[in-house]
$ cat final.txt   # compact mmCIF, C-alpha atoms and all ligand atoms
# COMPACT_ATOMS: atom_id res chain seq x y z
CA MET A 8 -37.80 14.50 -21.03
CA ASN A 9 -40.20 12.12 -22.78
CA ASP A 10 -39.15 8.70 -24.04
CA ASN A 11 -38.53 9.90 -27.58
CA THR A 12 -36.16 12.75 -26.72
CA TYR A 13 -34.40 10.45 -24.24
CA TYR A 14 -33.73 7.87 -26.94
CA THR A 15 -32.71 10.54 -29.44
CA SER A 16 -30.17 12.00 -27.01
CA MET A 17 -28.86 8.54 -26.19
CA LEU A 18 -28.47 7.76 -29.89
CA THR A 19 -26.63 11.05 -30.43
CA LEU A 20 -24.29 10.24 -27.56
CA TYR A 21 -23.83 6.75 -28.98
CA ASP A 22 -22.97 8.18 -32.43
CA VAL A 23 -20.58 10.74 -31.00
CA CYS A 24 -18.81 8.21 -28.86
CA LEU A 25 -18.49 5.54 -31.50
CA GLY A 26 -17.26 8.00 -34.12
CA GLU A 27 -16.06 6.64 -37.42
CA ARG A 28 -15.92 2.89 -37.94
CA GLY A 29 -17.21 2.31 -34.42
CA VAL A 30 -13.97 3.24 -32.67
CA MET A 31 -14.54 4.72 -29.19
CA ARG A 32 -13.22 8.29 -29.05
CA THR A 33 -10.74 9.21 -26.33
CA GLU A 34 -12.97 11.89 -24.76
CA CYS A 35 -15.66 9.26 -24.24
CA THR A 36 -13.38 6.64 -22.67
CA ASP A 37 -11.98 9.40 -20.45
CA ALA A 38 -15.47 10.49 -19.45
CA ARG A 39 -16.33 6.90 -18.61
CA ALA A 40 -13.09 6.53 -16.65
CA ASN A 41 -13.92 9.63 -14.61
CA HIS A 42 -17.17 8.10 -13.46
CA ARG A 43 -15.99 4.65 -12.54
CA LYS A 44 -14.88 3.68 -9.04
CA LYS A 45 -11.15 3.88 -8.47
CA ARG A 46 -9.22 0.62 -8.68
CA ILE A 47 -6.70 0.10 -5.92
CA GLY A 48 -3.96 -2.46 -6.52
CA ILE A 49 -2.89 -4.39 -3.44
CA GLY A 50 0.65 -5.71 -3.86
CA GLY A 51 0.44 -9.42 -3.09
CA ASN A 52 2.51 -11.85 -1.13
CA LEU A 53 3.68 -15.45 -1.43
CA MET A 54 3.35 -18.21 1.13
CA PHE A 55 4.67 -21.74 1.00
CA MET A 56 2.65 -24.62 2.43
CA GLU A 57 4.29 -26.14 5.49
CA GLY A 58 2.45 -29.45 5.33
CA GLY A 59 -0.69 -30.85 3.69
CA ILE A 60 -0.71 -32.56 0.32
CA PHE A 61 1.84 -30.24 -1.33
CA PRO A 62 4.54 -29.22 1.17
CA GLY A 63 6.57 -26.26 -0.10
CA TYR A 64 3.91 -25.39 -2.70
CA GLY A 65 3.58 -21.62 -3.29
CA LYS A 66 0.37 -19.60 -2.96
CA SER A 67 -0.22 -15.98 -4.04
CA TYR A 68 -2.42 -14.07 -1.60
CA VAL A 69 -3.16 -11.01 0.48
CA ASN A 70 -4.82 -10.97 3.90
CA ASP A 71 -8.54 -10.36 3.36
CA ASP A 72 -8.48 -7.26 5.62
CA TYR A 73 -6.65 -5.32 2.86
CA VAL A 74 -9.46 -6.16 0.44
CA GLN A 75 -12.16 -5.24 2.98
CA ALA A 76 -10.46 -1.97 3.99
CA VAL A 77 -10.11 -0.79 0.37
CA ALA A 78 -13.71 -1.80 -0.41
CA SER A 79 -15.14 -0.08 2.67
CA ALA A 80 -13.29 3.13 1.72
CA GLY A 81 -15.10 3.06 -1.66
CA GLY A 82 -12.36 1.62 -3.87
CA VAL A 83 -12.28 -1.50 -6.02
CA PRO A 84 -9.65 -3.85 -4.56
CA MET A 85 -7.39 -5.57 -7.13
CA ILE A 86 -4.92 -8.14 -5.81
CA LEU A 87 -1.64 -7.94 -7.75
CA PRO A 88 0.26 -11.25 -7.58
CA VAL A 89 4.02 -11.33 -6.92
CA THR A 90 6.19 -11.47 -10.04
CA ASP A 91 9.68 -10.29 -10.94
CA GLU A 92 8.80 -9.63 -14.60
CA GLU A 93 8.94 -5.91 -15.24
CA ASP A 94 6.48 -5.84 -18.15
CA ILE A 95 3.88 -7.69 -16.07
CA VAL A 96 4.26 -5.24 -13.17
CA GLU A 97 4.00 -2.34 -15.63
CA ALA A 98 0.70 -3.77 -16.92
CA GLN A 99 -0.54 -4.38 -13.36
CA ILE A 100 0.09 -0.73 -12.51
CA GLU A 101 -1.54 0.45 -15.77
CA ALA A 102 -4.73 -1.23 -14.56
CA VAL A 103 -5.02 0.61 -11.24
CA ASP A 104 -5.46 4.16 -9.88
CA GLY A 105 -3.63 3.69 -6.58
CA LEU A 106 -1.41 1.17 -4.85
CA VAL A 107 -1.11 -0.49 -1.44
CA ILE A 108 2.26 -2.06 -0.61
CA SER A 109 1.27 -4.73 1.90
CA GLY A 110 3.02 -6.37 4.84
CA GLY A 111 4.98 -9.60 4.81
CA TRP A 112 8.49 -11.02 4.80
CA ASP A 113 11.56 -9.21 6.13
CA VAL A 114 13.39 -6.94 3.66
CA ASP A 115 16.77 -8.27 2.46
CA PRO A 116 19.53 -6.19 4.18
CA LEU A 117 21.89 -6.78 1.22
CA LEU A 118 19.68 -4.21 -0.55
CA TRP A 119 21.19 -1.46 1.64
CA GLY A 120 24.63 -3.07 1.87
CA GLU A 121 24.40 -4.89 5.23
CA GLU A 122 25.09 -8.56 5.92
CA PRO A 123 22.19 -10.42 7.59
CA HIS A 124 22.30 -10.15 11.37
CA GLU A 125 21.42 -12.90 13.84
CA LYS A 126 17.85 -11.65 14.46
CA LEU A 127 16.84 -11.11 10.83
CA GLY A 128 13.72 -13.11 9.93
CA SER A 129 12.99 -14.88 6.64
CA THR A 130 13.44 -12.87 3.45
CA LEU A 131 12.11 -13.52 -0.05
CA PRO A 132 14.11 -11.87 -2.85
CA VAL A 133 11.28 -12.09 -5.40
CA ARG A 134 9.02 -10.08 -3.07
CA ASP A 135 11.73 -7.41 -2.72
CA THR A 136 12.05 -7.22 -6.52
CA PHE A 137 8.27 -7.09 -6.92
CA ASP A 138 7.90 -4.22 -4.43
CA ARG A 139 10.74 -2.31 -6.14
CA LEU A 140 9.10 -2.71 -9.57
CA LEU A 141 5.64 -1.79 -8.24
CA ILE A 142 6.94 1.33 -6.50
CA ALA A 143 8.95 2.41 -9.56
CA ALA A 144 6.02 1.93 -11.95
CA ALA A 145 3.54 3.69 -9.64
CA ARG A 146 5.94 6.64 -9.13
CA ARG A 147 6.45 7.00 -12.88
CA ARG A 148 2.69 7.39 -13.25
CA GLY A 149 2.28 9.58 -10.18
CA LEU A 150 -0.13 7.11 -8.54
CA PRO A 151 -0.76 7.46 -4.82
CA ILE A 152 1.03 4.76 -2.80
CA LEU A 153 0.07 3.61 0.70
CA GLY A 154 2.77 1.52 2.39
CA ILE A 155 1.71 -0.67 5.29
CA CYS A 156 4.20 -2.26 7.75
CA ARG A 157 6.71 -3.99 5.47
CA GLY A 158 5.32 -1.63 2.80
CA LEU A 159 6.76 1.35 4.74
CA GLN A 160 10.08 -0.48 5.04
CA SER A 161 10.10 -1.41 1.34
CA LEU A 162 9.39 2.20 0.32
CA ASN A 163 12.20 3.50 2.53
CA VAL A 164 14.72 0.99 1.15
CA VAL A 165 13.66 1.36 -2.50
CA LEU A 166 13.98 5.16 -2.22
CA GLY A 167 17.46 4.84 -0.70
CA GLY A 168 17.03 4.49 3.08
CA THR A 169 18.01 1.75 5.54
CA LEU A 170 16.32 -0.37 8.22
CA TYR A 171 17.07 -1.81 11.62
CA GLN A 172 17.18 -5.56 10.96
CA ASP A 173 15.71 -5.99 14.45
CA MET A 174 14.41 -3.43 16.94
CA SER A 175 17.05 -4.59 19.44
CA GLU A 176 19.60 -2.67 17.29
CA ALA A 177 17.75 0.60 17.91
CA GLU A 178 19.28 2.44 20.83
CA GLY A 179 16.69 3.44 23.45
CA SER A 180 13.92 1.25 22.05
CA PHE A 181 11.66 0.18 24.92
CA VAL A 182 8.17 -0.23 23.43
CA ARG A 183 6.90 -3.70 22.56
CA HIS A 184 6.44 -3.54 18.78
CA PHE A 185 5.41 -7.15 18.28
CA GLN A 186 2.25 -7.33 20.30
CA GLY A 187 0.17 -10.18 21.65
CA GLY A 188 -3.62 -10.01 21.62
CA HIS A 189 -6.10 -9.44 18.82
CA PRO A 190 -4.72 -7.97 15.54
CA ALA A 191 -7.21 -5.07 15.71
CA GLN A 192 -6.22 -4.15 19.27
CA ALA A 193 -4.26 -0.90 19.69
CA THR A 194 -1.28 -1.44 21.99
CA HIS A 195 1.03 1.58 21.73
CA THR A 196 0.78 5.31 21.17
CA VAL A 197 2.00 7.30 18.18
CA THR A 198 2.61 11.05 17.87
CA ALA A 199 2.11 12.63 14.45
CA GLU A 200 4.23 15.51 13.10
CA PRO A 201 2.28 18.78 12.74
CA GLY A 202 1.87 19.74 9.09
CA SER A 203 2.04 16.16 7.82
CA THR A 204 -0.72 14.43 5.86
CA LEU A 205 -0.91 11.84 8.64
CA HIS A 206 -1.51 14.60 11.22
CA ARG A 207 -4.26 16.05 9.03
CA LEU A 208 -5.93 12.65 8.59
CA LEU A 209 -5.52 11.18 12.08
CA GLY A 210 -4.78 14.05 14.46
CA PRO A 211 -1.79 14.73 16.77
CA SER A 212 -1.80 11.47 18.73
CA LEU A 213 -3.36 8.07 18.36
CA THR A 214 -3.04 4.45 19.41
CA VAL A 215 -2.08 1.73 16.95
CA ASN A 216 -1.46 -1.99 16.70
CA SER A 217 2.10 -3.22 16.16
CA PHE A 218 3.46 -6.32 14.42
CA HIS A 219 7.00 -5.46 13.36
CA HIS A 220 10.53 -6.24 14.47
CA MET A 221 12.24 -4.19 11.75
CA ALA A 222 11.96 -0.38 11.56
CA ALA A 223 13.12 2.52 9.40
CA ARG A 224 16.64 3.68 10.32
CA ARG A 225 18.16 6.23 7.88
CA ILE A 226 15.26 7.90 6.07
CA ALA A 227 15.40 7.93 2.27
CA PRO A 228 15.84 11.25 0.49
CA GLY A 229 12.39 12.14 -0.82
CA LEU A 230 10.66 10.88 2.33
CA ARG A 231 10.11 12.45 5.75
CA VAL A 232 9.05 11.11 9.13
CA THR A 233 5.42 11.84 9.99
CA ALA A 234 4.95 9.80 13.18
CA ARG A 235 6.95 8.21 15.97
CA ALA A 236 6.28 5.85 18.86
CA ALA A 237 7.21 6.93 22.41
CA ASP A 238 10.65 5.29 22.02
CA GLY A 239 11.38 7.22 18.82
CA THR A 240 10.62 4.33 16.46
CA VAL A 241 9.51 5.63 13.05
CA GLU A 242 5.81 4.82 12.65
CA GLY A 243 4.96 7.00 9.65
CA LEU A 244 6.62 8.33 6.47
CA GLU A 245 5.39 10.43 3.59
CA GLY A 246 6.68 11.67 0.25
CA ILE A 247 8.08 15.21 0.34
CA SER A 248 6.84 15.95 -3.18
CA GLU A 249 5.05 12.73 -4.18
CA PRO A 250 1.74 11.14 -3.12
CA ILE A 251 3.33 8.54 -0.84
CA LEU A 252 1.97 7.71 2.62
CA ALA A 253 3.32 4.91 4.82
CA VAL A 254 2.55 3.59 8.28
CA GLN A 255 4.38 0.99 10.35
CA TRP A 256 1.16 -0.36 11.88
CA HIS A 257 -1.72 -2.28 10.25
CA PRO A 258 -4.70 0.09 9.67
CA GLU A 259 -6.44 -2.56 7.55
CA MET A 260 -6.75 -4.77 10.64
CA MET A 261 -8.25 -1.89 12.64
CA HIS A 262 -10.58 -0.30 10.05
CA ARG A 263 -13.78 -1.91 11.36
CA GLU A 264 -13.44 -0.62 14.91
CA ARG A 265 -11.58 2.57 14.06
CA SER A 266 -13.17 4.82 11.44
CA ASP A 267 -10.05 7.06 11.53
CA MET A 268 -8.01 4.22 9.98
CA LYS A 269 -10.38 4.18 7.01
CA ARG A 270 -9.18 7.69 6.11
CA LEU A 271 -5.80 6.29 5.06
CA PHE A 272 -7.54 4.19 2.40
CA GLN A 273 -9.82 7.08 1.41
CA TRP A 274 -6.67 9.18 0.88
CA LEU A 275 -5.66 6.67 -1.84
CA LEU A 276 -8.85 7.51 -3.75
CA ALA A 277 -8.42 11.29 -3.55
CA PRO A 278 -4.93 12.22 -2.30
CA ALA A 279 -5.27 15.86 -3.36
CA ASP A 280 -8.54 16.39 -1.46
CA THR A 281 -7.58 14.90 1.89
MN MN A 301 5.09 -0.16 16.36

$ encode --input "final.txt" --output "structure tokens" --more "lines below"
Ligand code: MN
Amino acid sequence: MNDNTYYTSMLTLYDVCLGERGVMRTECTDARANHRKKRIGIGGNLMFMEGGIFPGYGKSYVNDDYVQAVASAGGVPMILPVTDEEDIVEAQIEAVDGLVISGGWDVDPLLWGEEPHEKLGSTLPVRDTFDRLLIAAARRRGLPILGICRGLQSLNVVLGGTLYQDMSEAEGSFVRHFQGGHPAQATHTVTAEPGSTLHRLLGPSLTVNSFHHMAARRIAPGLRVTARAADGTVEGLEGISEPILAVQWHPEMMHRERSDMKRLFQWLLAPADT
């Protein structure tokens, strides 16, 4: 193609796309959308300063490992700040192609009808509301959702399941699920259910890190268990007929050393192909 035909074809494309009165036609915006990198929303968190100049002052954030894990899988990370305003969450979800529900505060047991027990940690109602709105909006649009740690717990509760408020309530629990050591260090084993997406992505058994004291108890209708620790603790869930994947560990903290963990984030970009 010489320069002239190149410019002619570009002008034709330009004319076709702009259409009448310079309005971009749908087929052209769709074509453009199909070629851009997928945007992955990372549901944010809130922290409150313990000291410093502004004690009690709130900050919206996610741990940087979520951003790095999504980016290294080939997605465009978008941090979605915590809000309880439904129209804002709807617009946040409109702007992304997939969603990570991140870790954080304990889930409020009143949401599944239990009073708080002695060993419950700190809860944050606005974060619970935010997760519920994010999950609802993403499900309405059929977006793939990856739940991580509290994200798994949030998904189970929002879809109608319950949690152990503390692992000490789980009969037969003997594995240490709140580890010491480096965050990327794998400390306990997990067995994946044959036939699950997790099994396909990560194989039948693996080692994971562990930073949780709550765990899934009654599993929500619409979800199924895909992985367990040696003491039976639920370590993985997935949607029975929806693109939902959830793990109780922190793959974003392990993705640099463990290329298998990256596959969970790649699944978000192409859930049907993985
Ligand atoms: Mn664990």

$ residues_near_ligand --input "final.txt" --ligand "ligand MN 301 (chain A)" --cutoff "7 Å" --atoms "only C-alpha atoms and all ligand atoms" --output "ChimeraX atom specification"
/A:184,195,216-219,236,242,255-256

$ closest_residue --input "final.txt" --among "A:His257, A:Lys66, A:Val107, A:Glu97" --to "A:Ile47" --atoms "only C-alpha atoms"
A:Val107

$ residues_around --input "final.txt" --residues "stretch 148-151 of chain A" --least-positions-apart "4" --cutoff "12 Å" --atoms "all atoms listed in the file" --output "PyMOL selection string"
chain A and resi 45-48+97-98+100-108+141-144+245-246+248-253+271-279

$ write_last_selection --input "final.txt" --atoms "C-alpha atoms" --output "mmCIF file, keeping the file's coordinate frame"
data_model
loop_
_atom_site.group_PDB
_atom_site.id
_atom_site.type_symbol
_atom_site.label_atom_id
_atom_site.label_comp_id
_atom_site.auth_asym_id
_atom_site.auth_seq_id
_atom_site.Cartn_x
_atom_site.Cartn_y
_atom_site.Cartn_z
ATOM 1 C CA LYS A 45 -11.150 3.880 -8.470
ATOM 2 C CA ARG A 46 -9.220 0.620 -8.680
ATOM 3 C CA ILE A 47 -6.700 0.100 -5.920
ATOM 4 C CA GLY A 48 -3.960 -2.460 -6.520
ATOM 5 C CA GLU A 97 4.000 -2.340 -15.630
ATOM 6 C CA ALA A 98 0.700 -3.770 -16.920
ATOM 7 C CA ILE A 100 0.090 -0.730 -12.510
ATOM 8 C CA GLU A 101 -1.540 0.450 -15.770
ATOM 9 C CA ALA A 102 -4.730 -1.230 -14.560
ATOM 10 C CA VAL A 103 -5.020 0.610 -11.240
ATOM 11 C CA ASP A 104 -5.460 4.160 -9.880
ATOM 12 C CA GLY A 105 -3.630 3.690 -6.580
ATOM 13 C CA LEU A 106 -1.410 1.170 -4.850
ATOM 14 C CA VAL A 107 -1.110 -0.490 -1.440
ATOM 15 C CA ILE A 108 2.260 -2.060 -0.610
ATOM 16 C CA LEU A 141 5.640 -1.790 -8.240
ATOM 17 C CA ILE A 142 6.940 1.330 -6.500
ATOM 18 C CA ALA A 143 8.950 2.410 -9.560
ATOM 19 C CA ALA A 144 6.020 1.930 -11.950
ATOM 20 C CA GLU A 245 5.390 10.430 3.590
ATOM 21 C CA GLY A 246 6.680 11.670 0.250
ATOM 22 C CA SER A 248 6.840 15.950 -3.180
ATOM 23 C CA GLU A 249 5.050 12.730 -4.180
ATOM 24 C CA PRO A 250 1.740 11.140 -3.120
ATOM 25 C CA ILE A 251 3.330 8.540 -0.840
ATOM 26 C CA LEU A 252 1.970 7.710 2.620
ATOM 27 C CA ALA A 253 3.320 4.910 4.820
ATOM 28 C CA LEU A 271 -5.800 6.290 5.060
ATOM 29 C CA PHE A 272 -7.540 4.190 2.400
ATOM 30 C CA GLN A 273 -9.820 7.080 1.410
ATOM 31 C CA TRP A 274 -6.670 9.180 0.880
ATOM 32 C CA LEU A 275 -5.660 6.670 -1.840
ATOM 33 C CA LEU A 276 -8.850 7.510 -3.750
ATOM 34 C CA ALA A 277 -8.420 11.290 -3.550
ATOM 35 C CA PRO A 278 -4.930 12.220 -2.300
ATOM 36 C CA ALA A 279 -5.270 15.860 -3.360
#

$ atom_distance --input "final.txt" --atom1 "atom CA of A:Gln75" --atom2 "atom CA of A:Ile49"
11.3 Å

$ atom_distance --input "final.txt" --atom1 "atom CA of A:Asp280" --atom2 "atom CA of A:Leu87"
26.1 Å

$ closest_residue --input "final.txt" --among "A:Ala80, A:Asp115, A:Gly239, A:Ala193" --to "A:Glu178" --atoms "all atoms listed in the file"
A:Gly239

$ residues_near_point --input "final.txt" --point "(14.9, 7.9, 0.7)" --cutoff "7 Å" --atoms "all atoms listed in the file" --output "list in words"
Asn163, Val164, Leu166, Gly167, Gly168, Ile226, Ala227, Pro228, Gly229 and Leu230 of chain A

$ atom_distance --input "final.txt" --atom1 "atom CA of A:Ser109" --atom2 "atom CA of A:Gly158"
5.2 Å

$ closest_residue --input "final.txt" --among "A:His262, A:Ser67, A:Ile152, A:Gly51" --to "A:Leu244" --atoms "all atoms listed in the file"
A:Ile152

$ closest_residue --input "final.txt" --among "A:Asp135, A:Glu200, A:Glu57, A:Glu92" --to "A:Arg235" --atoms "only C-alpha atoms"
A:Glu200

$ closest_residue --input "final.txt" --among "A:Asn52, A:Ser79, A:Gln172, A:Thr198" --to "A:Ala222" --atoms "only C-alpha atoms"
A:Gln172

$ closest_residue --input "final.txt" --among "A:Gly59, A:Thr214, A:Gly243, A:Asp238" --to "A:Gly179" --atoms "all atoms listed in the file"
A:Asp238
